[in-house]
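J.: First, the structure itself, so that you have it in front of you.
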Amino acid sequence: MSAADLLVPVPSSVESSGGFLELDATTTLAADPELNNARRWLARTLGAATGWDLFPAAAADPGISLLLDPELDAEAYRLEVGAAVVIHAGGPAGAFYAAQTLLQLMGPAALRQAPVPETGGAWPVPKVSILDHPRFGYRGPCWTWPGTSCPRTTCSGSSR
């Protein structure tokens with residue numbers, strides 16, 4: 001089973017480099033100021049399953065980093081797992097989607113609300129490079145009452 005088989009929705013691009021990165025209780029979590037909401041969400045969610053205190057750290061520290069990349073769309077992200085986990089996001093939404101993807105890569109236990117004792121303290125993450133972005137320029141149909149119209153701005157966005 002490949003990393004892409006674990007992810008819902010399937011990202012635009014997934015490349016596996018083989019092997020795993022072991023995250024443990026010493027893992028740090030850094031984020032650019034614009035992505036602090038995603039950092040806090042990831043720290044709470046991952047901390048609940050692992051029992052770790054994911055303290056904020058400088059972006060240069062190894063661990064998990066969320067970095068703002070203005071070249072990406074607001075909901076797009078690039079997740080690189082190698083010697084560390086580095087997430088490049090176009091905006092807060094992209095950072096949140098990348099954090100969701102990271103948890104999926106860690107397996108279903110990473111979504112628990114209580115620590116999982118059988119992991120032995122280390123959580124393997126497959127070494128991958130993932131790129132994802134909205135596939136459509138709209139969220140879906142705009143439902144209105146008969147005889148009314150839907151303002152175009154209401155339906156714009158992405159398919160997420």
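Convention: chains lettered A, B, ... in structure tokens order; per-chain residue numbering from 1; ligands numbered from 1 as shown.
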Residues within 7 Å of range 85-89 of chain A, please, as JSON, numbers by chain. Count only C-alpha atoms; anything in the same chain fewer than 3 positions from it doesn't count.
T.: {"A": [63, 64, 65, 66, 67, 68, 69, 72, 76, 77, 78, 79, 80, 81, 82, 94, 95, 98]}
J.: Those same residues, written as a PDB file, in the first residue's frame with C-alpha atoms?
T.:
```
ATOM      1  CA  GLY A  63      10.545  18.792  13.513  1.00  0.00           C
ATOM      2  CA  ILE A  64       7.367  20.050  11.860  1.00  0.00           C
ATOM      3  CA  SER A  65       7.364  23.459  10.147  1.00  0.00           C
ATOM      4  CA  LEU A  66       4.467  25.322   8.528  1.00  0.00           C
ATOM      5  CA  LEU A  67       5.724  27.985   6.142  1.00  0.00           C
ATOM      6  CA  LEU A  68       3.733  30.531   4.160  1.00  0.00           C
ATOM      7  CA  ASP A  69       4.430  30.344   0.408  1.00  0.00           C
ATOM      8  CA  LEU A  72       0.805  28.815  -3.904  1.00  0.00           C
ATOM      9  CA  ALA A  76      -2.791  24.728  -1.864  1.00  0.00           C
ATOM     10  CA  TYR A  77       0.081  23.092  -0.022  1.00  0.00           C
ATOM     11  CA  ARG A  78       3.316  21.184  -0.534  1.00  0.00           C
ATOM     12  CA  LEU A  79       4.181  18.676   2.199  1.00  0.00           C
ATOM     13  CA  GLU A  80       7.738  17.309   2.321  1.00  0.00           C
ATOM     14  CA  VAL A  81       8.678  14.521   4.731  1.00  0.00           C
ATOM     15  CA  GLY A  82      12.418  13.873   4.784  1.00  0.00           C
ATOM     16  CA  GLY A  94      -3.724  25.215   2.804  1.00  0.00           C
ATOM     17  CA  ALA A  95      -1.853  24.754   6.092  1.00  0.00           C
ATOM     18  CA  ALA A  98      -1.656  19.842   4.901  1.00  0.00           C
TER      19      ALA A  98
END
```
J.: Neighbours of Asn37 in chain A within 12 Å (only C-alpha atoms; same-chain residues fewer than 2 positions away dropped), as a list in words?
T.: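 So, after excluding close chain neighbours, the residues are Ala30, Ala31, Asp32, Pro33, Glu34, Leu35, Arg39, Arg40, Trp41, Leu42, Ala43, Arg44, Leu66, Gly91, Pro92, Ala93, Gly94, Ala95, Phe96 and Ala99 of chain A.
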J.: Measuring between only C-alpha atoms, which one of A:Asp5, A:Ser12, A:Gln100, A:Leu46 shows the shortest distance to Arg135 in chain A?
T.: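 Closest candidate: A:Ser12.
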J.: Of the candidates A:Gln104, A:Thr50, A:Gln113, A:Thr28, which shows the shortest atom-to-atom distance to Val8 in chain A, using only C-alpha atoms?
T.: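 The shortest atom-to-atom distance to Val8 in chain A comes from A:Gln104.
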J.: Pick out each residue of range 2-156 of chain A that DSSP on the backbone tags as helix (DSSP H, G or I); I need them as an NGL selection string.
T.: :A and (3-6 or 33-50 or 92-106 or 108-111 or 117-119 or 152-155)
J.: Given the selection you just returned, output its residues as a file containing C-alpha atoms, formatted as a short mmCIF file (atom, residue, chain, number, x, y, z; two decimals), in the first residue's frame.
T.:
```
data_model
loop_
_atom_site.label_atom_id
_atom_site.label_comp_id
_atom_site.auth_asym_id
_atom_site.auth_seq_id
_atom_site.Cartn_x
_atom_site.Cartn_y
_atom_site.Cartn_z
CA ALA A 3 1.10 6.67 0.87
CA ALA A 4 -1.38 7.88 -1.76
CA ASP A 5 -3.73 4.99 -0.85
CA LEU A 6 -4.02 6.40 2.69
CA PRO A 33 2.65 33.89 12.19
CA GLU A 34 -0.06 33.78 9.48
CA LEU A 35 -0.37 30.00 9.99
CA ASN A 36 -0.59 29.97 13.81
CA ASN A 37 -4.21 28.77 13.82
CA ALA A 38 -3.22 25.66 11.85
CA ARG A 39 -0.22 25.17 14.17
CA ARG A 40 -2.43 25.35 17.26
CA TRP A 41 -4.95 22.92 15.73
CA LEU A 42 -2.21 20.44 14.80
CA ALA A 43 -0.59 20.72 18.25
CA ARG A 44 -3.94 20.02 19.97
CA THR A 45 -4.97 17.17 17.66
CA LEU A 46 -1.61 15.41 17.45
CA GLY A 47 -0.93 16.06 21.13
CA ALA A 48 -4.19 14.33 22.11
CA ALA A 49 -3.24 11.10 20.31
CA THR A 50 0.46 11.08 21.18
CA PRO A 92 -4.24 29.21 6.51
CA ALA A 93 -6.61 26.88 4.64
CA GLY A 94 -3.72 25.21 2.80
CA ALA A 95 -1.85 24.75 6.09
CA PHE A 96 -4.93 23.16 7.66
CA TYR A 97 -5.35 20.76 4.72
CA ALA A 98 -1.66 19.84 4.90
CA ALA A 99 -1.97 19.17 8.65
CA GLN A 100 -4.93 16.87 7.90
CA THR A 101 -2.81 15.05 5.31
CA LEU A 102 0.06 14.65 7.79
CA LEU A 103 -2.29 13.04 10.32
CA GLN A 104 -3.60 10.68 7.65
CA LEU A 105 -0.02 9.65 6.83
CA MET A 106 0.50 8.82 10.52
CA PRO A 108 -5.90 6.34 12.09
CA ALA A 109 -4.51 6.33 15.64
CA ALA A 110 -3.21 9.89 15.08
CA LEU A 111 -6.84 11.07 15.05
CA PRO A 117 0.03 3.46 24.43
CA GLU A 118 0.92 0.73 21.90
CA THR A 119 3.02 3.04 19.67
CA ARG A 152 -21.32 34.60 -8.48
CA THR A 153 -19.14 35.38 -5.47
CA THR A 154 -21.20 32.99 -3.31
CA CYS A 155 -20.16 29.97 -5.38
#
```
J.: Choose the residue, out of A:Pro115, A:Gly107, A:Pro56, A:Pro134, that has the smallest atom-to-atom separation from Gly90 in chain A; count only C-alpha atoms.
T.: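 Ranked by minimum distance to Gly90 in chain A, first place goes to A:Pro134.
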J.: Calculate how many Å separate CA of Pro11 in chain A from CA of Ala25 in chain A, rounding to one decimal.
T.: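 Distance reported for this atom pair: 28.4 Å.
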J.: Where in range 58-96 of chain A does DSSP assign strand (DSSP E or B), given as an MDAnalysis selection string?
T.: chainID A and resid 64:68 77:81 85:89
J.: Using N, CA and C atoms, can you write the selected residues to a file as a PDB file, in the first residue's frame?
T.:
```pdb
ATOM      1  N   ILE A  64       8.452  19.739  12.796  1.00  0.00           N
ATOM      2  CA  ILE A  64       7.367  20.050  11.860  1.00  0.00           C
ATOM      3  C   ILE A  64       7.343  21.559  11.691  1.00  0.00           C
ATOM      4  N   SER A  65       7.386  22.020  10.449  1.00  0.00           N
ATOM      5  CA  SER A  65       7.364  23.459  10.147  1.00  0.00           C
ATOM      6  C   SER A  65       6.248  23.762   9.167  1.00  0.00           C
ATOM      7  N   LEU A  66       5.491  24.830   9.444  1.00  0.00           N
ATOM      8  CA  LEU A  66       4.467  25.322   8.528  1.00  0.00           C
ATOM      9  C   LEU A  66       4.926  26.686   8.029  1.00  0.00           C
ATOM     10  N   LEU A  67       5.181  26.768   6.736  1.00  0.00           N
ATOM     11  CA  LEU A  67       5.724  27.985   6.142  1.00  0.00           C
ATOM     12  C   LEU A  67       4.773  28.553   5.102  1.00  0.00           C
ATOM     13  N   LEU A  68       4.586  29.857   5.132  1.00  0.00           N
ATOM     14  CA  LEU A  68       3.733  30.531   4.160  1.00  0.00           C
ATOM     15  C   LEU A  68       4.483  30.660   2.834  1.00  0.00           C
ATOM     16  N   TYR A  77      -1.038  23.364  -0.908  1.00  0.00           N
ATOM     17  CA  TYR A  77       0.081  23.092  -0.022  1.00  0.00           C
ATOM     18  C   TYR A  77       1.058  22.124  -0.681  1.00  0.00           C
ATOM     19  N   ARG A  78       2.277  22.145  -0.166  1.00  0.00           N
ATOM     20  CA  ARG A  78       3.316  21.184  -0.534  1.00  0.00           C
ATOM     21  C   ARG A  78       3.855  20.631   0.778  1.00  0.00           C
ATOM     22  N   LEU A  79       3.742  19.325   0.974  1.00  0.00           N
ATOM     23  CA  LEU A  79       4.181  18.676   2.199  1.00  0.00           C
ATOM     24  C   LEU A  79       5.387  17.807   1.867  1.00  0.00           C
ATOM     25  N   GLU A  80       6.503  18.063   2.543  1.00  0.00           N
ATOM     26  CA  GLU A  80       7.738  17.309   2.321  1.00  0.00           C
ATOM     27  C   GLU A  80       8.104  16.609   3.618  1.00  0.00           C
ATOM     28  N   VAL A  81       8.216  15.280   3.579  1.00  0.00           N
ATOM     29  CA  VAL A  81       8.678  14.521   4.731  1.00  0.00           C
ATOM     30  C   VAL A  81      10.011  13.911   4.344  1.00  0.00           C
ATOM     31  N   VAL A  85       9.530  17.368   8.780  1.00  0.00           N
ATOM     32  CA  VAL A  85       8.275  17.603   8.064  1.00  0.00           C
ATOM     33  C   VAL A  85       8.203  19.096   7.774  1.00  0.00           C
ATOM     34  N   VAL A  86       8.160  19.439   6.486  1.00  0.00           N
ATOM     35  CA  VAL A  86       8.077  20.841   6.087  1.00  0.00           C
ATOM     36  C   VAL A  86       6.820  21.013   5.238  1.00  0.00           C
ATOM     37  N   ILE A  87       5.962  21.918   5.673  1.00  0.00           N
ATOM     38  CA  ILE A  87       4.720  22.212   4.963  1.00  0.00           C
ATOM     39  C   ILE A  87       4.815  23.633   4.426  1.00  0.00           C
ATOM     40  N   HIS A  88       4.675  23.768   3.113  1.00  0.00           N
ATOM     41  CA  HIS A  88       4.586  25.077   2.462  1.00  0.00           C
ATOM     42  C   HIS A  88       3.121  25.253   2.087  1.00  0.00           C
ATOM     43  N   ALA A  89       2.493  26.302   2.596  1.00  0.00           N
ATOM     44  CA  ALA A  89       1.070  26.520   2.350  1.00  0.00           C
ATOM     45  C   ALA A  89       0.842  27.904   1.781  1.00  0.00           C
TER      46      ALA A  89
END
```
J.: Closest to Ala83 in chain A among A:Gly18, A:Thr27, A:His133, A:Lys127, using only C-alpha atoms?
T.: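 Of A:Gly18, A:Thr27, A:His133, A:Lys127, the one nearest Ala83 in chain A, counting only C-alpha atoms, is A:Lys127.
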J.: May I ask which of the residues A:Ala84, A:Ala74, A:Leu23, A:Val116 is the closest one to Leu54 in chain A, counting only C-alpha atoms?
T.: A:Leu23
